[in-house]
>>> print(open('upload.txt').read())   # compact mmCIF, C-alpha atoms
# COMPACT_ATOMS: atom_id res chain seq x y z
CA MET A 1 248.47 114.02 58.44
CA ASN A 2 251.98 114.67 59.72
CA HIS A 3 251.14 118.35 60.22
CA GLN A 4 248.01 117.45 62.18
CA ARG A 5 249.99 115.15 64.49
CA SER A 6 252.79 117.63 65.11
CA ALA A 7 250.53 120.41 66.45
CA PRO A 8 249.58 118.67 69.70
CA VAL A 9 253.19 117.56 70.18
CA GLY A 10 254.42 121.16 69.78
CA PHE A 11 251.80 122.45 72.18
CA GLY A 12 252.76 119.85 74.76
CA ARG A 13 256.41 120.84 74.50
CA ILE A 14 255.54 124.52 75.01
CA LEU A 15 253.33 123.68 77.97
CA ARG A 16 256.12 121.68 79.60
CA ARG A 17 258.54 124.55 79.11
CA VAL A 18 256.08 127.01 80.61
CA LEU A 19 255.52 124.76 83.64
CA VAL A 20 259.25 124.19 84.13
CA GLY A 21 259.88 127.93 83.80
CA ALA A 22 257.16 128.74 86.32
CA LEU A 23 258.60 126.17 88.74
CA LEU A 24 262.09 127.63 88.38
CA VAL A 25 260.79 131.15 89.01
CA ALA A 26 258.90 129.95 92.09
CA LEU A 27 262.03 128.23 93.41
CA LEU A 28 264.16 131.30 92.78
CA VAL A 29 261.67 133.66 94.46
CA GLY A 30 261.13 131.32 97.39
CA GLY A 31 264.83 130.61 97.79
CA GLY A 32 265.74 134.28 97.53
CA THR A 33 263.15 135.19 100.14
CA ALA A 34 264.39 132.47 102.49
CA ILE A 35 267.94 133.80 102.15
CA ARG A 36 266.77 137.33 103.00
CA VAL A 37 264.87 136.00 106.04
CA TRP A 38 268.08 134.29 107.17
CA GLN A 39 270.26 137.35 106.47
CA VAL A 40 268.06 139.79 108.39
CA ALA A 41 267.75 137.28 111.23
CA ARG A 42 271.54 137.36 111.64
CA THR A 43 271.85 141.16 111.51
CA ASP A 44 271.34 143.60 114.38
CA ASP A 45 270.72 147.02 112.83
CA ARG A 46 270.69 148.83 116.16
CA ARG A 47 270.91 152.61 115.88
CA PRO A 48 269.32 155.68 117.50
CA VAL A 49 265.57 155.73 116.84
CA ASP A 50 262.41 157.42 118.06
CA MET A 51 261.06 154.19 119.51
CA VAL A 52 261.85 150.55 120.08
CA VAL A 53 258.86 148.33 119.36
CA VAL A 54 258.53 145.00 121.18
CA LEU A 55 256.15 142.74 119.31
CA GLY A 56 253.89 140.68 121.52
CA ALA A 57 254.10 137.04 122.49
CA ALA A 58 252.38 134.89 125.08
CA GLN A 59 252.09 135.94 128.70
CA TYR A 60 250.69 134.01 131.65
CA HIS A 61 248.81 136.01 134.29
CA GLY A 62 251.07 138.99 133.65
CA GLU A 63 254.27 136.94 133.54
CA PRO A 64 256.00 137.07 130.14
CA SER A 65 256.64 133.74 128.43
CA ASP A 66 260.23 132.80 127.57
CA VAL A 67 259.71 134.14 124.04
CA LEU A 68 258.35 137.48 125.24
CA ARG A 69 260.99 137.81 127.95
CA ALA A 70 263.76 137.38 125.37
CA ARG A 71 262.26 140.24 123.36
CA LEU A 72 261.92 142.45 126.44
CA GLU A 73 265.52 141.80 127.44
CA GLN A 74 266.64 142.86 123.97
CA ALA A 75 264.59 146.06 124.17
CA LEU A 76 265.97 146.81 127.63
CA ASP A 77 269.50 146.43 126.29
CA LEU A 78 268.74 148.90 123.49
CA TYR A 79 267.26 151.38 125.96
CA ARG A 80 270.23 151.10 128.31
CA ALA A 81 272.55 151.65 125.35
CA GLY A 82 270.89 155.04 124.85
CA LEU A 83 269.46 154.22 121.43
CA THR A 84 265.93 155.35 122.29
CA GLN A 85 263.92 157.21 124.87
CA HIS A 86 260.71 155.30 124.23
CA ILE A 87 259.76 151.62 124.22
CA VAL A 88 256.43 150.51 122.81
CA THR A 89 255.06 147.14 123.88
CA VAL A 90 252.44 145.58 121.67
CA GLY A 91 249.82 142.84 121.85
CA GLY A 92 246.26 142.11 122.87
CA ARG A 93 244.84 139.43 125.14
CA GLN A 94 243.55 135.94 124.59
CA SER A 95 240.07 135.01 125.74
CA GLY A 96 239.99 134.81 129.53
CA ASP A 97 243.25 136.70 130.08
CA VAL A 98 243.40 139.52 132.62
CA TYR A 99 246.55 141.07 131.16
CA THR A 100 247.34 141.92 127.57
CA GLU A 101 250.71 141.02 126.12
CA ALA A 102 251.48 144.74 125.95
CA GLN A 103 250.63 145.28 129.62
CA ALA A 104 252.73 142.32 130.73
CA GLY A 105 255.65 143.65 128.70
CA ARG A 106 255.26 147.16 130.06
CA GLU A 107 255.20 145.99 133.68
CA TRP A 108 258.30 143.85 133.15
CA LEU A 109 260.23 146.78 131.68
CA VAL A 110 259.19 149.13 134.49
CA GLU A 111 260.18 146.52 137.06
CA HIS A 112 263.60 146.39 135.41
CA GLY A 113 264.25 150.09 135.66
CA VAL A 114 262.66 151.78 132.65
CA PRO A 115 260.69 154.86 133.81
CA GLU A 116 256.93 154.45 133.41
CA GLN A 117 256.65 157.51 131.17
CA ARG A 118 259.13 155.93 128.76
CA VAL A 119 257.04 152.81 128.11
CA LEU A 120 253.84 152.93 126.05
CA ASP A 121 251.63 149.89 125.70
CA VAL A 122 249.51 149.26 122.62
CA ASP A 123 246.90 146.77 123.75
CA THR A 124 245.63 145.87 120.30
CA GLY A 125 246.68 143.53 117.55
CA SER A 126 246.21 139.79 117.38
CA ASP A 127 248.67 139.44 114.50
CA THR A 128 251.76 141.19 113.18
CA LEU A 129 249.92 143.33 110.64
CA GLY A 130 247.38 144.56 113.18
CA SER A 131 250.12 145.30 115.69
CA ILE A 132 252.26 147.24 113.23
CA SER A 133 249.22 149.21 112.05
CA ALA A 134 248.46 150.23 115.65
CA VAL A 135 252.10 151.19 116.23
CA ALA A 136 252.09 153.34 113.09
CA ARG A 137 249.06 155.25 114.38
CA LEU A 138 250.77 155.80 117.72
CA ALA A 139 253.94 156.97 115.99
CA GLY A 140 251.96 159.43 113.90
CA ALA A 141 250.28 160.86 116.98
CA HIS A 142 253.69 161.49 118.61
CA GLY A 143 255.51 162.65 115.49
CA TRP A 144 257.84 159.64 115.50
CA ASP A 145 259.05 158.08 112.28
CA SER A 146 261.96 155.77 113.09
CA THR A 147 261.88 152.46 114.92
CA LEU A 148 263.81 149.37 115.84
CA ILE A 149 261.59 146.29 115.69
CA VAL A 150 262.36 143.69 118.35
CA SER A 151 261.09 140.21 117.63
CA ASP A 152 262.43 136.72 117.00
CA PRO A 153 265.18 136.60 114.36
CA TRP A 154 263.14 134.84 111.69
CA HIS A 155 260.16 137.17 112.16
CA SER A 156 262.22 140.32 111.77
CA LEU A 157 262.16 140.77 107.99
CA ARG A 158 258.37 140.46 107.73
CA ALA A 159 257.78 142.84 110.64
CA ARG A 160 260.29 145.34 109.26
CA THR A 161 258.72 145.14 105.81
CA MET A 162 255.25 145.83 107.21
CA ALA A 163 256.51 148.79 109.25
CA GLY A 164 258.11 150.25 106.15
CA ASP A 165 254.85 149.86 104.25
CA PHE A 166 253.17 151.96 106.95
CA GLY A 167 255.64 154.76 106.36
CA LEU A 168 258.09 154.11 109.20
CA ASP A 169 261.86 154.10 108.86
CA ALA A 170 262.24 150.63 110.31
CA TRP A 171 265.18 148.43 111.21
CA ALA A 172 265.37 145.15 113.07
CA SER A 173 267.18 144.23 116.26
CA PRO A 174 266.33 140.54 116.70
CA THR A 175 266.62 138.56 119.90
CA ARG A 176 269.57 136.26 120.34
CA SER A 177 267.97 133.95 122.90
CA GLY A 178 264.71 132.13 123.51
CA PRO A 179 263.14 128.86 122.35
CA VAL A 180 262.97 129.70 118.64
CA VAL A 181 266.76 130.09 118.28
CA GLN A 182 267.96 127.16 120.35
CA THR A 183 267.93 124.28 117.86
CA ARG A 184 268.60 123.88 114.15
CA ALA A 185 265.25 122.16 113.76
CA ALA A 186 263.44 125.17 115.21
CA GLN A 187 265.45 127.54 113.05
CA SER A 188 264.67 125.60 109.86
CA TYR A 189 260.98 125.46 110.71
CA TYR A 190 260.68 129.18 111.40
CA ILE A 191 262.69 130.18 108.33
CA GLY A 192 260.33 128.11 106.16
CA ARG A 193 257.27 129.48 107.89
CA GLU A 194 258.38 133.10 107.66
CA THR A 195 259.33 132.69 104.02
CA ALA A 196 255.80 131.54 103.21
CA ALA A 197 254.23 134.26 105.38
CA LEU A 198 256.30 137.03 103.80
CA LEU A 199 255.52 135.87 100.27
CA TYR A 200 251.83 135.76 101.16
CA TYR A 201 251.98 139.28 102.59
CA ARG A 202 253.79 140.65 99.54
CA LEU A 203 251.17 139.13 97.25
CA THR A 204 248.08 140.12 99.23
CA HIS A 205 249.16 142.76 101.80
CA SER A 206 247.09 140.71 104.24
CA SER A 207 247.99 138.94 107.44
CA ALA A 208 249.37 135.45 107.07
CA GLU A 209 248.96 134.54 110.73
CA ALA A 210 245.80 132.55 110.02
CA MET A 211 248.03 130.15 108.09
CA PHE A 212 249.85 129.19 111.28
CA VAL A 213 248.56 128.37 114.72
CA GLY A 214 250.20 130.50 117.40
CA SER A 215 251.96 132.93 115.02
>>> encode(input="upload.txt", output="structure tokens")
Amino acid sequence: MNHQRSAPVGFGRILRRVLVGALLVALLVGGGTAIRVWQVARTDDRRPVDMVVVLGAAQYHGEPSDVLRARLEQALDLYRAGLTQHIVTVGGRQSGDVYTEAQAGREWLVEHGVPEQRVLDVDTGSDTLGSISAVARLAGAHGWDSTLIVSDPWHSLRARTMAGDFGLDAWASPTRSGPVVQTRAAQSYYIGRETAALLYYRLTHSSAEAMFVGS
């Protein structure tokens, strides 16, 4: 009788240990990923590259939003520093828009002194994965293999990771201005969001943008 009672107790103890172990692993993986998101966000790996890629953000009738303008200003700074001869703007259009995000970015850069032939617009991609895929095809067509990814700080690790998975030598040069870096609350929110999105991508190699409205 004692042996019969001890079996369920032993199984329950093992199950609890397995669950606690799984929880600890999940916390370690999630915490480690969040730290990497934060570290890359704080690092500007600027260096000479074949192209600087400006990931898309909202535009309004051809006028870049504050988020997109911050990214364009960063790319312009890299170009003026002589780190690239080519800037690639990326992003499609929302329903009803006349301009794509890529077109709005290209026009802004040309207006601020970058020669037209130095700016290429990739008018496709409604999420990061689609945008990076399109950029990789463009890079292959031109024989380019190195890039600086310009995006918001917290988005940089995921974008850089995707670019590397498409065979590009990719580094990040995050923005240092714009709405997403102005408050601690915004920073905490985006670090948490990007941690979840990066873990999802690493598990599925699929876009996580559907998880978040406006990603």
>>> residues_near_point(input="upload.txt", point="(264.3, 151.4, 113.8)", cutoff="8 Å", atoms="all atoms listed in the file", output="number ranges by chain")
A: 45-52, 146-149, 169-172
>>> atom_distance(input="upload.txt", atom1="atom CA of A:Asp77", atom2="atom CA of A:Trp144")
20.7 Å
>>> atom_distance(input="upload.txt", atom1="atom CA of A:Tyr99", atom2="atom CA of A:Tyr79")
23.7 Å
>>> closest_atom_pairs(input="upload.txt", of="stretch 30-143 of chain A", to="stretch 199-204 of chain A", cutoff="12 Å", atoms="all atoms listed in the file", output="tab-separated table")
residue	atom	partner	partner_atom	distance
A:Gly30	CA	A:Leu199	CA	7.8
A:Gly31	CA	A:Leu199	CA	11.0
A:Gly32	CA	A:Leu199	CA	10.7
A:Thr33	CA	A:Leu199	CA	7.7
A:Ala34	CA	A:Leu199	CA	9.8
A:Arg36	CA	A:Leu199	CA	11.7
A:Val37	CA	A:Leu199	CA	11.0
A:Thr128	CA	A:Tyr201	CA	10.8
A:Leu129	CA	A:Tyr201	CA	9.2
>>> closest_residue(input="upload.txt", among="A:Ala134, A:Val119, A:Val150, A:Ala139", to="A:Leu68", atoms="all atoms listed in the file")
A:Val150
>>> residues_around(input="upload.txt", residues="A:Glu107", least_positions_apart="5", cutoff="12 Å", atoms="all atoms listed in the file", output="PyMOL selection string")
chain A and resi 59+61-64+69+72+87-89+99-102+112-121
>>> write_last_selection(input="upload.txt", atoms="C-alpha atoms", output="PDB file, in the coordinates of the input")
ATOM      1  CA  GLN A  59     252.090 135.940 128.700  1.00  0.00           C
ATOM      2  CA  HIS A  61     248.810 136.010 134.290  1.00  0.00           C
ATOM      3  CA  GLY A  62     251.070 138.990 133.650  1.00  0.00           C
ATOM      4  CA  GLU A  63     254.270 136.940 133.540  1.00  0.00           C
ATOM      5  CA  PRO A  64     256.000 137.070 130.140  1.00  0.00           C
ATOM      6  CA  ARG A  69     260.990 137.810 127.950  1.00  0.00           C
ATOM      7  CA  LEU A  72     261.920 142.450 126.440  1.00  0.00           C
ATOM      8  CA  ILE A  87     259.760 151.620 124.220  1.00  0.00           C
ATOM      9  CA  VAL A  88     256.430 150.510 122.810  1.00  0.00           C
ATOM     10  CA  THR A  89     255.060 147.140 123.880  1.00  0.00           C
ATOM     11  CA  TYR A  99     246.550 141.070 131.160  1.00  0.00           C
ATOM     12  CA  THR A 100     247.340 141.920 127.570  1.00  0.00           C
ATOM     13  CA  GLU A 101     250.710 141.020 126.120  1.00  0.00           C
ATOM     14  CA  ALA A 102     251.480 144.740 125.950  1.00  0.00           C
ATOM     15  CA  HIS A 112     263.600 146.390 135.410  1.00  0.00           C
ATOM     16  CA  GLY A 113     264.250 150.090 135.660  1.00  0.00           C
ATOM     17  CA  VAL A 114     262.660 151.780 132.650  1.00  0.00           C
ATOM     18  CA  PRO A 115     260.690 154.860 133.810  1.00  0.00           C
ATOM     19  CA  GLU A 116     256.930 154.450 133.410  1.00  0.00           C
ATOM     20  CA  GLN A 117     256.650 157.510 131.170  1.00  0.00           C
ATOM     21  CA  ARG A 118     259.130 155.930 128.760  1.00  0.00           C
ATOM     22  CA  VAL A 119     257.040 152.810 128.110  1.00  0.00           C
ATOM     23  CA  LEU A 120     253.840 152.930 126.050  1.00  0.00           C
ATOM     24  CA  ASP A 121     251.630 149.890 125.700  1.00  0.00           C
TER      25      ASP A 121
END
>>> atom_distance(input="upload.txt", atom1="atom CA of A:Tyr190", atom2="atom CA of A:Ser207")
16.5 Å
>>> closest_residue(input="upload.txt", among="A:Gly105, A:Gly10, A:Gly130, A:Gly92", to="A:Leu76", atoms="only C-alpha atoms")
A:Gly105
>>> residues_near_point(input="upload.txt", point="(253.5, 147.6, 111.6)", cutoff="9 Å", atoms="all atoms listed in the file", output="list in words")
Thr128, Leu129, Gly130, Ser131, Ile132, Ser133, Ala134, Val135, Ala136, Ala159, Arg160, Thr161, Met162, Ala163, Gly164, Asp165, Phe166 and Leu168 of chain A
>>> decode(input="upload.txt", residues="stretch 40-54 of chain A", atoms="all heavy atoms", output="PDB file, in the first residue's frame")
ATOM      1  N   VAL A  40      22.318  46.054 -28.276  1.00  0.00           N
ATOM      2  CA  VAL A  40      22.420  46.471 -29.679  1.00  0.00           C
ATOM      3  C   VAL A  40      21.793  47.849 -29.870  1.00  0.00           C
ATOM      4  O   VAL A  40      22.280  48.662 -30.660  1.00  0.00           O
ATOM      5  CB  VAL A  40      21.762  45.417 -30.601  1.00  0.00           C
ATOM      6  CG1 VAL A  40      21.689  45.925 -32.046  1.00  0.00           C
ATOM      7  CG2 VAL A  40      22.544  44.104 -30.546  1.00  0.00           C
ATOM      8  N   ALA A  41      20.720  48.123 -29.134  1.00  0.00           N
ATOM      9  CA  ALA A  41      20.069  49.431 -29.225  1.00  0.00           C
ATOM     10  C   ALA A  41      21.018  50.561 -28.840  1.00  0.00           C
ATOM     11  O   ALA A  41      20.918  51.673 -29.356  1.00  0.00           O
ATOM     12  CB  ALA A  41      18.826  49.454 -28.340  1.00  0.00           C
ATOM     13  N   ARG A  42      21.945  50.285 -27.938  1.00  0.00           N
ATOM     14  CA  ARG A  42      22.858  51.311 -27.432  1.00  0.00           C
ATOM     15  C   ARG A  42      24.172  51.388 -28.220  1.00  0.00           C
ATOM     16  O   ARG A  42      25.035  52.195 -27.898  1.00  0.00           O
ATOM     17  CB  ARG A  42      23.166  51.030 -25.958  1.00  0.00           C
ATOM     18  CG  ARG A  42      21.967  51.200 -25.059  1.00  0.00           C
ATOM     19  CD  ARG A  42      22.260  50.699 -23.645  1.00  0.00           C
ATOM     20  NE  ARG A  42      23.404  51.371 -23.054  1.00  0.00           N
ATOM     21  CZ  ARG A  42      23.350  52.533 -22.402  1.00  0.00           C
ATOM     22  NH1 ARG A  42      22.172  53.148 -22.268  1.00  0.00           N
ATOM     23  NH2 ARG A  42      24.428  53.074 -21.874  1.00  0.00           N
ATOM     24  N   THR A  43      24.316  50.541 -29.242  1.00  0.00           N
ATOM     25  CA  THR A  43      25.575  50.472 -29.986  1.00  0.00           C
ATOM     26  C   THR A  43      25.380  50.948 -31.423  1.00  0.00           C
ATOM     27  O   THR A  43      24.453  50.523 -32.100  1.00  0.00           O
ATOM     28  CB  THR A  43      26.101  49.025 -30.008  1.00  0.00           C
ATOM     29  OG1 THR A  43      26.255  48.560 -28.658  1.00  0.00           O
ATOM     30  CG2 THR A  43      27.433  48.945 -30.726  1.00  0.00           C
ATOM     31  N   ASP A  44      26.261  51.815 -31.868  1.00  0.00           N
ATOM     32  CA  ASP A  44      26.269  52.263 -33.263  1.00  0.00           C
ATOM     33  C   ASP A  44      27.473  51.628 -33.942  1.00  0.00           C
ATOM     34  O   ASP A  44      28.612  52.021 -33.716  1.00  0.00           O
ATOM     35  CB  ASP A  44      26.351  53.787 -33.325  1.00  0.00           C
ATOM     36  CG  ASP A  44      26.175  54.321 -34.740  1.00  0.00           C
ATOM     37  OD1 ASP A  44      26.290  53.530 -35.696  1.00  0.00           O
ATOM     38  OD2 ASP A  44      25.914  55.533 -34.887  1.00  0.00           O
ATOM     39  N   ASP A  45      27.214  50.618 -34.769  1.00  0.00           N
ATOM     40  CA  ASP A  45      28.291  49.874 -35.428  1.00  0.00           C
ATOM     41  C   ASP A  45      28.641  50.462 -36.791  1.00  0.00           C
ATOM     42  O   ASP A  45      28.956  49.718 -37.732  1.00  0.00           O
ATOM     43  CB  ASP A  45      27.887  48.403 -35.597  1.00  0.00           C
ATOM     44  CG  ASP A  45      28.051  47.612 -34.316  1.00  0.00           C
ATOM     45  OD1 ASP A  45      28.984  47.913 -33.555  1.00  0.00           O
ATOM     46  OD2 ASP A  45      27.238  46.707 -34.068  1.00  0.00           O
ATOM     47  N   ARG A  46      28.595  51.778 -36.893  1.00  0.00           N
ATOM     48  CA  ARG A  46      28.855  52.415 -38.184  1.00  0.00           C
ATOM     49  C   ARG A  46      30.247  52.066 -38.699  1.00  0.00           C
ATOM     50  O   ARG A  46      31.214  52.039 -37.953  1.00  0.00           O
ATOM     51  CB  ARG A  46      28.679  53.932 -38.085  1.00  0.00           C
ATOM     52  CG  ARG A  46      29.557  54.633 -37.077  1.00  0.00           C
ATOM     53  CD  ARG A  46      29.373  56.137 -37.155  1.00  0.00           C
ATOM     54  NE  ARG A  46      28.001  56.540 -36.874  1.00  0.00           N
ATOM     55  CZ  ARG A  46      27.478  57.707 -37.248  1.00  0.00           C
ATOM     56  NH1 ARG A  46      28.223  58.577 -37.924  1.00  0.00           N
ATOM     57  NH2 ARG A  46      26.240  58.016 -36.952  1.00  0.00           N
ATOM     58  N   ARG A  47      30.292  51.800 -40.005  1.00  0.00           N
ATOM     59  CA  ARG A  47      31.513  51.406 -40.705  1.00  0.00           C
ATOM     60  C   ARG A  47      31.254  51.509 -42.191  1.00  0.00           C
ATOM     61  O   ARG A  47      30.098  51.585 -42.605  1.00  0.00           O
ATOM     62  CB  ARG A  47      31.899  49.975 -40.324  1.00  0.00           C
ATOM     63  CG  ARG A  47      30.876  48.941 -40.793  1.00  0.00           C
ATOM     64  CD  ARG A  47      31.129  47.593 -40.159  1.00  0.00           C
ATOM     65  NE  ARG A  47      30.907  47.657 -38.716  1.00  0.00           N
ATOM     66  CZ  ARG A  47      31.433  46.790 -37.856  1.00  0.00           C
ATOM     67  NH1 ARG A  47      32.219  45.809 -38.290  1.00  0.00           N
ATOM     68  NH2 ARG A  47      31.193  46.896 -36.575  1.00  0.00           N
ATOM     69  N   PRO A  48      32.270  51.483 -43.039  1.00  0.00           N
ATOM     70  CA  PRO A  48      32.027  51.516 -44.484  1.00  0.00           C
ATOM     71  C   PRO A  48      31.266  50.278 -44.945  1.00  0.00           C
ATOM     72  O   PRO A  48      31.601  49.152 -44.573  1.00  0.00           O
ATOM     73  CB  PRO A  48      33.448  51.551 -45.067  1.00  0.00           C
ATOM     74  CG  PRO A  48      34.305  52.095 -43.971  1.00  0.00           C
ATOM     75  CD  PRO A  48      33.704  51.574 -42.706  1.00  0.00           C
ATOM     76  N   VAL A  49      30.232  50.506 -45.749  1.00  0.00           N
ATOM     77  CA  VAL A  49      29.399  49.402 -46.246  1.00  0.00           C
ATOM     78  C   VAL A  49      28.972  49.701 -47.680  1.00  0.00           C
ATOM     79  O   VAL A  49      29.090  50.824 -48.163  1.00  0.00           O
ATOM     80  CB  VAL A  49      28.130  49.205 -45.376  1.00  0.00           C
ATOM     81  CG1 VAL A  49      28.487  48.628 -44.015  1.00  0.00           C
ATOM     82  CG2 VAL A  49      27.349  50.508 -45.234  1.00  0.00           C
ATOM     83  N   ASP A  50      28.443  48.661 -48.320  1.00  0.00           N
ATOM     84  CA  ASP A  50      27.931  48.833 -49.680  1.00  0.00           C
ATOM     85  C   ASP A  50      26.674  49.676 -49.710  1.00  0.00           C
ATOM     86  O   ASP A  50      26.442  50.425 -50.671  1.00  0.00           O
ATOM     87  CB  ASP A  50      27.640  47.467 -50.304  1.00  0.00           C
ATOM     88  CG  ASP A  50      28.895  46.639 -50.514  1.00  0.00           C
ATOM     89  OD1 ASP A  50      29.948  47.232 -50.834  1.00  0.00           O
ATOM     90  OD2 ASP A  50      28.833  45.409 -50.351  1.00  0.00           O
ATOM     91  N   MET A  51      25.848  49.549 -48.687  1.00  0.00           N
ATOM     92  CA  MET A  51      24.583  50.286 -48.672  1.00  0.00           C
ATOM     93  C   MET A  51      24.121  50.529 -47.247  1.00  0.00           C
ATOM     94  O   MET A  51      24.375  49.719 -46.353  1.00  0.00           O
ATOM     95  CB  MET A  51      23.498  49.521 -49.439  1.00  0.00           C
ATOM     96  CG  MET A  51      23.198  48.160 -48.851  1.00  0.00           C
ATOM     97  SD  MET A  51      21.919  47.251 -49.759  1.00  0.00           S
ATOM     98  CE  MET A  51      21.965  45.664 -48.879  1.00  0.00           C
ATOM     99  N   VAL A  52      23.451  51.640 -47.070  1.00  0.00           N
ATOM    100  CA  VAL A  52      22.721  51.926 -45.838  1.00  0.00           C
ATOM    101  C   VAL A  52      21.241  51.699 -46.130  1.00  0.00           C
ATOM    102  O   VAL A  52      20.715  52.220 -47.114  1.00  0.00           O
ATOM    103  CB  VAL A  52      22.954  53.376 -45.369  1.00  0.00           C
ATOM    104  CG1 VAL A  52      21.952  53.760 -44.284  1.00  0.00           C
ATOM    105  CG2 VAL A  52      24.376  53.540 -44.855  1.00  0.00           C
ATOM    106  N   VAL A  53      20.595  50.907 -45.306  1.00  0.00           N
ATOM    107  CA  VAL A  53      19.185  50.577 -45.512  1.00  0.00           C
ATOM    108  C   VAL A  53      18.341  51.292 -44.458  1.00  0.00           C
ATOM    109  O   VAL A  53      18.561  51.120 -43.251  1.00  0.00           O
ATOM    110  CB  VAL A  53      18.950  49.063 -45.431  1.00  0.00           C
ATOM    111  CG1 VAL A  53      17.456  48.737 -45.492  1.00  0.00           C
ATOM    112  CG2 VAL A  53      19.689  48.345 -46.548  1.00  0.00           C
ATOM    113  N   VAL A  54      17.395  52.096 -44.922  1.00  0.00           N
ATOM    114  CA  VAL A  54      16.471  52.801 -44.039  1.00  0.00           C
ATOM    115  C   VAL A  54      15.142  52.053 -44.027  1.00  0.00           C
ATOM    116  O   VAL A  54      14.415  52.045 -45.027  1.00  0.00           O
ATOM    117  CB  VAL A  54      16.239  54.248 -44.500  1.00  0.00           C
ATOM    118  CG1 VAL A  54      15.348  54.983 -43.498  1.00  0.00           C
ATOM    119  CG2 VAL A  54      17.565  54.973 -44.676  1.00  0.00           C
TER     120      VAL A  54
END
